[in-house]
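S.K.: Mind having a look at this structure? Questions to follow.
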Amino acid sequence: MNQHQYGRIMAAIDDAHACDPRQDKASDTPYELAYARRMSEWLERVAPDADAELRIAARAQHFRRWESPREDYPMTRPGYHAWRTDLQKRQASLVAELLSEEGVTADEIGRISALILKQNIKTNPEMQALEDTIALAFLDHYVEAFAEEHDDDKLGRILARTWAKMSAHGHQLAGTLTFSPRLSRIMAEALPAAD
């Protein structure tokens, strides 16, 4: 894809995110627009040489997510997994439509869709970079508020699963972050020794 297409696509993704009725308290911008910008900022640190497809996938990771709220599914573990699966499929489909309208090739759309769908995590270096970016954006901007909603044991399990999905490079970048005393303690107890 050319630079002009790329610019139009990123602007269209941000225009969609700007329609999120929820506000991000820290930035006073629409919630998903703030999330998308944070994803791009972290991708720049994780993979500064990322190509346009990976940058688009990172920016569109939560594309129009608010339109499919968690509350529409049973508040159970299977309900959560069904919501996540349906959400990824929906987001990949909506982004594919946007890309098609911009004249992006089928191969490029396929690559971006696979990243949004989190396919081939263990074998695709781009997917690993995206997984690191997702985890680091969460740890940097969202984990403290998330921690307030969960007890220590559950939070430790969630953090351990998040950590296991990350690469050694992601772990190194996470080491640059600072956390509250409670979260630091839970992480020290739940996570393996540093790489």
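Chain lettering (A, B, ...) mirrors the order of the structure tokens, residue numbering begins at 1 for each chain separately, and ligand numbering begins at 1 in order of display.
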Hey, what does DSSP flag as helix (DSSP H, G or I) within chain A? Can you give it to me as a ChimeraX atom specification?

M.R.: /A:3-17,31-46,52-59,65-67,70-72,77-101,106-116,125-141,143-147,152-165,168-174,181-190

S.K.: Counting only C-alpha atoms, which residue out of A:Arg157, A:Arg64, A:Ser100, A:Ala58 sits closest to Lys118 (chain A)?

M.R.: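 Checking each of A:Arg157, A:Arg64, A:Ser100, A:Ala58 against Lys118 (chain A), counting only C-alpha atoms, the winner is A:Ala58.
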
S.K.: Among the residues of region 2-166 of chain A, find those DSSP assigns to strand (DSSP E) from the backbone and print them as a list in words.

M.R.: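 In region 2-166 of chain A, DSSP puts these residues in strand (DSSP E): Gln23, Asp24, Thr29 and Pro30 of chain A.
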
S.K.: For the contact check between region 27-102 of chain A and region 136-148 of chain A, emit one row per residue of region 27-102 of chain A within 12 Å, containing the shortest atom pair and the distance in Å rounded to one decimal, counting only C-alpha atoms, chain then rising number order, as CSV.

M.R.:
residue,atom,partner,partner_atom,distance
A:Ser27,CA,A:His141,CA,10.8
A:Tyr31,CA,A:Tyr142,CA,11.6
A:Ala34,CA,A:His141,CA,10.1
A:Tyr35,CA,A:Ala137,CA,8.0
A:Ala36,CA,A:Ala137,CA,9.6
A:Arg37,CA,A:Ala137,CA,9.8
A:Arg38,CA,A:Ala137,CA,6.3
A:Met39,CA,A:Ala137,CA,6.1
A:Ser40,CA,A:Ala137,CA,9.3
A:Glu41,CA,A:Ala137,CA,8.7
A:Trp42,CA,A:Ala137,CA,6.5
A:Leu43,CA,A:Ala137,CA,9.1
A:Glu44,CA,A:Ala137,CA,11.6
A:Arg45,CA,A:Leu136,CA,10.0
A:Val46,CA,A:Leu136,CA,9.1
A:Ala58,CA,A:Ala137,CA,10.8
A:Arg59,CA,A:Ala137,CA,11.9
A:Gln61,CA,A:Ala137,CA,11.7

S.K.: Go ahead and dump the residues you just picked, N, CA, C and O atoms, as a PDB file, in the first residue's frame.

M.R.:
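Saved the output as selection.pdb:
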ATOM      1  N   SER A  27      -7.045  11.110  29.509  1.00  0.00           N
ATOM      2  CA  SER A  27      -6.729  11.957  28.350  1.00  0.00           C
ATOM      3  C   SER A  27      -7.875  12.863  27.931  1.00  0.00           C
ATOM      4  O   SER A  27      -7.696  13.726  27.067  1.00  0.00           O
ATOM      5  N   TYR A  31     -12.690   6.989  24.531  1.00  0.00           N
ATOM      6  CA  TYR A  31     -11.945   5.891  25.142  1.00  0.00           C
ATOM      7  C   TYR A  31     -11.125   5.091  24.129  1.00  0.00           C
ATOM      8  O   TYR A  31      -9.926   4.871  24.321  1.00  0.00           O
ATOM      9  N   ALA A  34      -8.175   6.986  22.577  1.00  0.00           N
ATOM     10  CA  ALA A  34      -7.025   7.014  23.488  1.00  0.00           C
ATOM     11  C   ALA A  34      -6.293   5.674  23.454  1.00  0.00           C
ATOM     12  O   ALA A  34      -5.062   5.622  23.393  1.00  0.00           O
ATOM     13  N   TYR A  35      -7.060   4.572  23.466  1.00  0.00           N
ATOM     14  CA  TYR A  35      -6.448   3.242  23.429  1.00  0.00           C
ATOM     15  C   TYR A  35      -5.641   3.056  22.138  1.00  0.00           C
ATOM     16  O   TYR A  35      -4.504   2.571  22.157  1.00  0.00           O
ATOM     17  N   ALA A  36      -6.216   3.429  21.008  1.00  0.00           N
ATOM     18  CA  ALA A  36      -5.547   3.257  19.719  1.00  0.00           C
ATOM     19  C   ALA A  36      -4.239   4.039  19.674  1.00  0.00           C
ATOM     20  O   ALA A  36      -3.218   3.543  19.172  1.00  0.00           O
ATOM     21  N   ARG A  37      -4.244   5.253  20.188  1.00  0.00           N
ATOM     22  CA  ARG A  37      -3.025   6.061  20.193  1.00  0.00           C
ATOM     23  C   ARG A  37      -1.963   5.427  21.082  1.00  0.00           C
ATOM     24  O   ARG A  37      -0.780   5.410  20.734  1.00  0.00           O
ATOM     25  N   ARG A  38      -2.392   4.889  22.219  1.00  0.00           N
ATOM     26  CA  ARG A  38      -1.438   4.227  23.119  1.00  0.00           C
ATOM     27  C   ARG A  38      -0.857   2.975  22.481  1.00  0.00           C
ATOM     28  O   ARG A  38       0.325   2.660  22.661  1.00  0.00           O
ATOM     29  N   MET A  39      -1.691   2.251  21.729  1.00  0.00           N
ATOM     30  CA  MET A  39      -1.186   1.080  21.017  1.00  0.00           C
ATOM     31  C   MET A  39      -0.107   1.491  20.009  1.00  0.00           C
ATOM     32  O   MET A  39       0.947   0.851  19.917  1.00  0.00           O
ATOM     33  N   SER A  40      -0.355   2.542  19.262  1.00  0.00           N
ATOM     34  CA  SER A  40       0.631   3.004  18.288  1.00  0.00           C
ATOM     35  C   SER A  40       1.918   3.460  18.975  1.00  0.00           C
ATOM     36  O   SER A  40       3.026   3.183  18.486  1.00  0.00           O
ATOM     37  N   GLU A  41       1.783   4.144  20.095  1.00  0.00           N
ATOM     38  CA  GLU A  41       2.967   4.598  20.831  1.00  0.00           C
ATOM     39  C   GLU A  41       3.798   3.409  21.318  1.00  0.00           C
ATOM     40  O   GLU A  41       5.025   3.411  21.202  1.00  0.00           O
ATOM     41  N   TRP A  42       3.130   2.391  21.832  1.00  0.00           N
ATOM     42  CA  TRP A  42       3.868   1.229  22.313  1.00  0.00           C
ATOM     43  C   TRP A  42       4.446   0.406  21.163  1.00  0.00           C
ATOM     44  O   TRP A  42       5.551  -0.118  21.264  1.00  0.00           O
ATOM     45  N   LEU A  43       3.729   0.305  20.075  1.00  0.00           N
ATOM     46  CA  LEU A  43       4.281  -0.422  18.922  1.00  0.00           C
ATOM     47  C   LEU A  43       5.570   0.238  18.452  1.00  0.00           C
ATOM     48  O   LEU A  43       6.514  -0.448  18.054  1.00  0.00           O
ATOM     49  N   GLU A  44       5.625   1.544  18.522  1.00  0.00           N
ATOM     50  CA  GLU A  44       6.834   2.266  18.121  1.00  0.00           C
ATOM     51  C   GLU A  44       8.034   1.854  18.967  1.00  0.00           C
ATOM     52  O   GLU A  44       9.164   1.794  18.480  1.00  0.00           O
ATOM     53  N   ARG A  45       7.791   1.520  20.223  1.00  0.00           N
ATOM     54  CA  ARG A  45       8.880   1.068  21.098  1.00  0.00           C
ATOM     55  C   ARG A  45       9.174  -0.425  20.906  1.00  0.00           C
ATOM     56  O   ARG A  45      10.317  -0.854  20.981  1.00  0.00           O
ATOM     57  N   VAL A  46       8.128  -1.202  20.681  1.00  0.00           N
ATOM     58  CA  VAL A  46       8.298  -2.647  20.510  1.00  0.00           C
ATOM     59  C   VAL A  46       8.942  -2.971  19.172  1.00  0.00           C
ATOM     60  O   VAL A  46       9.863  -3.791  19.091  1.00  0.00           O
ATOM     61  N   ALA A  58      -2.400  -2.707  14.816  1.00  0.00           N
ATOM     62  CA  ALA A  58      -2.292  -2.199  16.192  1.00  0.00           C
ATOM     63  C   ALA A  58      -3.296  -1.081  16.430  1.00  0.00           C
ATOM     64  O   ALA A  58      -3.981  -1.052  17.460  1.00  0.00           O
ATOM     65  N   ARG A  59      -3.405  -0.172  15.486  1.00  0.00           N
ATOM     66  CA  ARG A  59      -4.306   0.975  15.646  1.00  0.00           C
ATOM     67  C   ARG A  59      -5.770   0.521  15.668  1.00  0.00           C
ATOM     68  O   ARG A  59      -6.614   1.129  16.321  1.00  0.00           O
ATOM     69  N   GLN A  61      -6.936  -2.456  16.710  1.00  0.00           N
ATOM     70  CA  GLN A  61      -7.114  -3.610  17.586  1.00  0.00           C
ATOM     71  C   GLN A  61      -8.483  -3.629  18.270  1.00  0.00           C
ATOM     72  O   GLN A  61      -9.073  -4.677  18.441  1.00  0.00           O
TER      73      GLN A  61
END

S.K.: Do a neighbour search on Asp15 (chain A) at 12 Å with only C-alpha atoms, toss out local chain neighbours closer than 2 positions, and write the hits as an MDAnalysis selection string.

M.R.: chainID A and resid 8:13 17:20 30 32:33 36 59:60 63:64 98
